[in-house]
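Take a look at the structure below.
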Amino acid sequence: MGKFSKKKISFAGPMIGKKEEEYVLDALRNGWYATFEKHTKMLEAKVCEYLGRKYALGTHCCTLALHLACASAGLKKGDEVICTDFSWVATAYSIVYTGATPVFVDIDPDTWCISPQAIEAAITEKTKAIMLVHSFGHPAQMDKIMEIAKKHNLKVIEDAAPSLGSKFDGKKTGTFGDSACFSFQGAKIAVSGEGGIFVTDDKEMYERAVLLANMGRTNSKKNFWSDFVGYQYTIGNLPASLALAQVERIDELVANKRKIFGWYYERLKNVEGIKLIKEKEKCFSNYTYPSALLEEVDEKKRNFIVGEFAKRNIHSRAAFPRMSTFPALEARYENPECKKVEEQGISLPAAHNLVEEDVEFVCDSLLELLGKKK
Ligand SMILES: Cc1ncc(COP(=O)(O)O)c(C=O)c1O
């Protein structure tokens, strides 16, 4: 194959088939006026059925679903929310939108998910909720987290953005917390372009979220009447039609991602200095983004590898910077495990269209750039 792949080895990319084409075409032709929410309602019903949740609300994206989760949990100025420091910043900003303060804690180095011990250590009398992320599809340690939440009477919000189809102890992610949110953004396991969904079993939270997502429109005095300031957050019917097809195929999508991870695992499992993030006990990951810690390199070398990959037509990603280091948030947290991942973490390509030879090329390139033998 040489040192350049003719095929773009993409970080992410969807699996689009006949079902997707059919549903989108149906939405395009028929999803207007009286049926303008047809596919949205079908998507919400399908997600409820799949998860065994009572209520779902489709949103323009997961960030907005997370805002609804925080707002419907009653978070406000003066409240603290214990939050992982390792995530896309949407996780933290959704807390900030409500006026509440994210308190950033460290991760479990084996899963890159929030550390239950760190949660417990950060609880104060102001703590109102825990915001966890099922990082890159790996489930967080939900037994411990729910135990802590119960003991301290805290709400739990699952940022399940990349984790549709993952499980902890046989139970699907997104079914543990008071609410949970998934993303259908284009790099996720199931896509709609932009898209998200909020789920809960709590009728009051759901009804509050629906009102907030629809401009506070109650129609209480007349049609179009709004009783408080709300937002326009709902998903469009067209993206919902695509998300619906994808959710109906989620088992197939998960199986494909797990197959891709398996190819990486076979080649990298015994390489010293490469720590692949693999399912921990009781965990079932959808492996949306197969990731590794390059234990022997510094940040500069990790970035060099990402750059060299790009020259070979391989699209990888450096791991997230700690959110607590962003100017809009507060830089007063240590979180050494997050720092390590920030500097040495890499997510490897896992677009749905990869074949084993692509993964082999990525692994060979990685070993070469690390100066390791095949
Ligand atoms: C952990 C996490 N939370 C939230 C989001 C936000 O999702 P969206 O882009 O659908 O708003 C993402 C998106 O990448 C994410 O990875």
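Labels for the structure tokens follow display order: chains A, B, ..., residues from 1 in each chain, ligands from 1.
By chain and then residue number, the residues within 7 Å of Leu238 in chain A are Val24, Ala27, Leu28, Gly236, Ala240, Ser241 and Leu242 of chain A, counting only C-alpha atoms and disregarding those fewer than 2 positions away in sequence.
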**OP:** Please identify the residues whose atoms come within 10 Å of ligand 1, using only C-alpha atoms and all ligand atoms, and report them as a PyMOL selection string.
**Re:** chain A and resi 59-67+84+86-94+132-137+158-163+181-188+191-197+320
Subject >> Nearest to Lys3 in chain A, chosen from A:Asn30, A:Asn313, A:Ser324, A:Gln344, with only C-alpha atoms counted in the distances >> reply: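 Residue with the minimum atom-to-atom distance to Lys3 in chain A: A:Asn313.
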**OP:** Go through A:Pro102, A:Gly345, A:Gly273, A:Pro139 one by one, measure the shortest atom-to-atom distance of each to Ala122 in chain A using only C-alpha atoms, and give the residue with the smallest value.
**Re:** A:Pro102
**OP:** Go through A:Asn223, A:Thr35, A:Ser115, A:Thr173 and flag the residue nearest Ile148 in chain A, using only C-alpha atoms for the distances.
**Re:**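 With only C-alpha atoms as the atom set, the closest residue is A:Ser115.
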Subject >> Close residues, range 40-48 of chain A itself excluded, 8 Å, only C-alpha atoms, min 3 positions apart in chain, as a PyMOL selection string >> reply: chain A and resi 37+51-58+197+199+235-237+240-241+243-244+247-248
**OP:** Between A:Glu279, A:Glu330, A:Glu21, A:Asp79, single out the one closest to Cys113 in chain A, counting only C-alpha atoms.
**Re:** A:Glu279
Subject >> DSSP strand (DSSP E) residues within range 137-369 of chain A, listed as a VMD selection string >> reply: chain A and resid 155 to 159 167 to 168 171 to 172 179 to 183 196 to 200 274 to 276 283 to 284 291 to 294 317 to 318 345 to 347
**OP:** List every residue of range 102-157 of chain A that DSSP, applied to the backbone of this structure, assigns to helix (DSSP H, G or I), and report them as a count of residues only.
**Re:** 21
Subject >> Shell of 9 Å around Lys144 in chain A, only C-alpha atoms, local chain residues under 4 positions omitted, as a list in words >> reply: Pro116, Gln117, Ile148 and Ala149 of chain A
**OP:** Select, from A:Val297, A:Leu75, A:Val362, A:Val341, the residue with the minimum atom-to-atom distance to Arg312 in chain A, counting only C-alpha atoms.
**Re:** A:Val362
**OP:** Find the spatial neighbours of Val156 in chain A, counting only C-alpha atoms, within a cut-off of 7 Å - ignore same-chain residues fewer than 3 positions away - and output them as a PyMOL selection string.
**Re:** chain A and resi 129-131+149+177-179
Take the residues just selected and output them with all heavy atoms as a PDB file, in the first residue's frame.
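The resulting result11.pdb:
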ATOM      1  N   ALA A 129     -26.264  18.042  41.046  1.00  0.00           N
ATOM      2  CA  ALA A 129     -26.352  17.016  40.001  1.00  0.00           C
ATOM      3  C   ALA A 129     -24.975  16.498  39.606  1.00  0.00           C
ATOM      4  O   ALA A 129     -23.950  17.126  39.893  1.00  0.00           O
ATOM      5  CB  ALA A 129     -27.046  17.597  38.766  1.00  0.00           C
ATOM      6  N   ILE A 130     -25.014  15.345  38.957  1.00  0.00           N
ATOM      7  CA  ILE A 130     -23.808  14.766  38.357  1.00  0.00           C
ATOM      8  C   ILE A 130     -24.047  14.704  36.848  1.00  0.00           C
ATOM      9  O   ILE A 130     -25.090  14.207  36.402  1.00  0.00           O
ATOM     10  CB  ILE A 130     -23.548  13.327  38.877  1.00  0.00           C
ATOM     11  CG1 ILE A 130     -23.365  13.323  40.397  1.00  0.00           C
ATOM     12  CG2 ILE A 130     -22.354  12.698  38.161  1.00  0.00           C
ATOM     13  CD1 ILE A 130     -23.412  11.928  41.023  1.00  0.00           C
ATOM     14  N   MET A 131     -23.097  15.229  36.102  1.00  0.00           N
ATOM     15  CA  MET A 131     -23.146  15.118  34.634  1.00  0.00           C
ATOM     16  C   MET A 131     -22.011  14.198  34.208  1.00  0.00           C
ATOM     17  O   MET A 131     -20.842  14.528  34.390  1.00  0.00           O
ATOM     18  CB  MET A 131     -22.964  16.496  34.005  1.00  0.00           C
ATOM     19  CG  MET A 131     -22.727  16.476  32.515  1.00  0.00           C
ATOM     20  SD  MET A 131     -24.194  16.266  31.532  1.00  0.00           S
ATOM     21  CE  MET A 131     -24.767  17.963  31.416  1.00  0.00           C
ATOM     22  N   ALA A 149     -25.243   9.106  43.830  1.00  0.00           N
ATOM     23  CA  ALA A 149     -26.340  10.062  43.600  1.00  0.00           C
ATOM     24  C   ALA A 149     -27.471   9.823  44.600  1.00  0.00           C
ATOM     25  O   ALA A 149     -28.044  10.770  45.156  1.00  0.00           O
ATOM     26  CB  ALA A 149     -26.851   9.924  42.174  1.00  0.00           C
ATOM     27  N   GLY A 177     -29.855   7.549  34.314  1.00  0.00           N
ATOM     28  CA  GLY A 177     -30.010   8.853  34.955  1.00  0.00           C
ATOM     29  C   GLY A 177     -31.446   9.353  34.970  1.00  0.00           C
ATOM     30  O   GLY A 177     -32.340   8.747  34.378  1.00  0.00           O
ATOM     31  N   ASP A 178     -31.637  10.505  35.641  1.00  0.00           N
ATOM     32  CA  ASP A 178     -32.947  11.167  35.593  1.00  0.00           C
ATOM     33  C   ASP A 178     -33.277  11.520  34.151  1.00  0.00           C
ATOM     34  O   ASP A 178     -34.435  11.533  33.754  1.00  0.00           O
ATOM     35  CB  ASP A 178     -32.925  12.429  36.457  1.00  0.00           C
ATOM     36  CG  ASP A 178     -32.722  12.088  37.917  1.00  0.00           C
ATOM     37  OD1 ASP A 178     -33.715  11.781  38.584  1.00  0.00           O
ATOM     38  OD2 ASP A 178     -31.561  12.056  38.362  1.00  0.00           O
ATOM     39  N   SER A 179     -32.231  11.848  33.403  1.00  0.00           N
ATOM     40  CA  SER A 179     -32.410  12.087  31.971  1.00  0.00           C
ATOM     41  C   SER A 179     -31.111  11.746  31.266  1.00  0.00           C
ATOM     42  O   SER A 179     -30.066  11.577  31.909  1.00  0.00           O
ATOM     43  CB  SER A 179     -32.789  13.547  31.709  1.00  0.00           C
ATOM     44  OG  SER A 179     -31.739  14.389  32.109  1.00  0.00           O
TER      45      SER A 179
END
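CA of Pro290 in chain A to CA of Leu164 in chain A spans 14.9 Å [interatomic distance, one decimal].
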Original post:
Do you know which residues are at most 9 Å from Ile9 in chain A counting only C-alpha atoms, after dropping those on the same chain fewer than 3 positions away, and could you put them as a VMD selection string?
Top reply: chain A and resid 5 to 6 12 312 to 316 349 to 351 353 to 354 358 to 359 362
Just write the chosen residues, C-alpha atoms, as an mmCIF file, in the first residue's frame.
data_model
loop_
_atom_site.group_PDB
_atom_site.id
_atom_site.type_symbol
_atom_site.label_atom_id
_atom_site.label_comp_id
_atom_site.auth_asym_id
_atom_site.auth_seq_id
_atom_site.Cartn_x
_atom_site.Cartn_y
_atom_site.Cartn_z
ATOM 1 C CA SER A 5 -3.745 5.407 1.134
ATOM 2 C CA LYS A 6 -5.669 6.187 -2.039
ATOM 3 C CA ALA A 12 -16.005 8.831 11.067
ATOM 4 C CA ARG A 312 -1.062 9.494 4.449
ATOM 5 C CA ASN A 313 -4.811 10.131 4.030
ATOM 6 C CA ILE A 314 -5.588 8.849 7.513
ATOM 7 C CA HIS A 315 -7.894 11.043 9.577
ATOM 8 C CA SER A 316 -7.362 10.647 13.337
ATOM 9 C CA PRO A 349 -10.323 6.208 12.273
ATOM 10 C CA ALA A 350 -13.524 4.202 12.506
ATOM 11 C CA ALA A 351 -15.766 5.310 9.675
ATOM 12 C CA ASN A 353 -16.851 2.093 5.446
ATOM 13 C CA LEU A 354 -13.438 0.904 6.693
ATOM 14 C CA ASP A 358 -7.485 0.147 6.081
ATOM 15 C CA VAL A 359 -7.067 -0.630 9.762
ATOM 16 C CA VAL A 362 -3.342 2.687 10.145
#
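The residue set within 8 Å of Pro321 in chain A, counting only C-alpha atoms and dropping same-chain residues fewer than 2 places from it, reads A:Phe86, A:Ser87, A:Ala319, A:Met323, A:Thr325, A:Lys339, A:Glu342.
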Original post:
Which residue out of A:Lys257, A:Glu343, A:Arg332, A:Ala318 has the minimum interatomic distance to Glu295 in chain A when only C-alpha atoms are used?
Top reply: A:Glu343
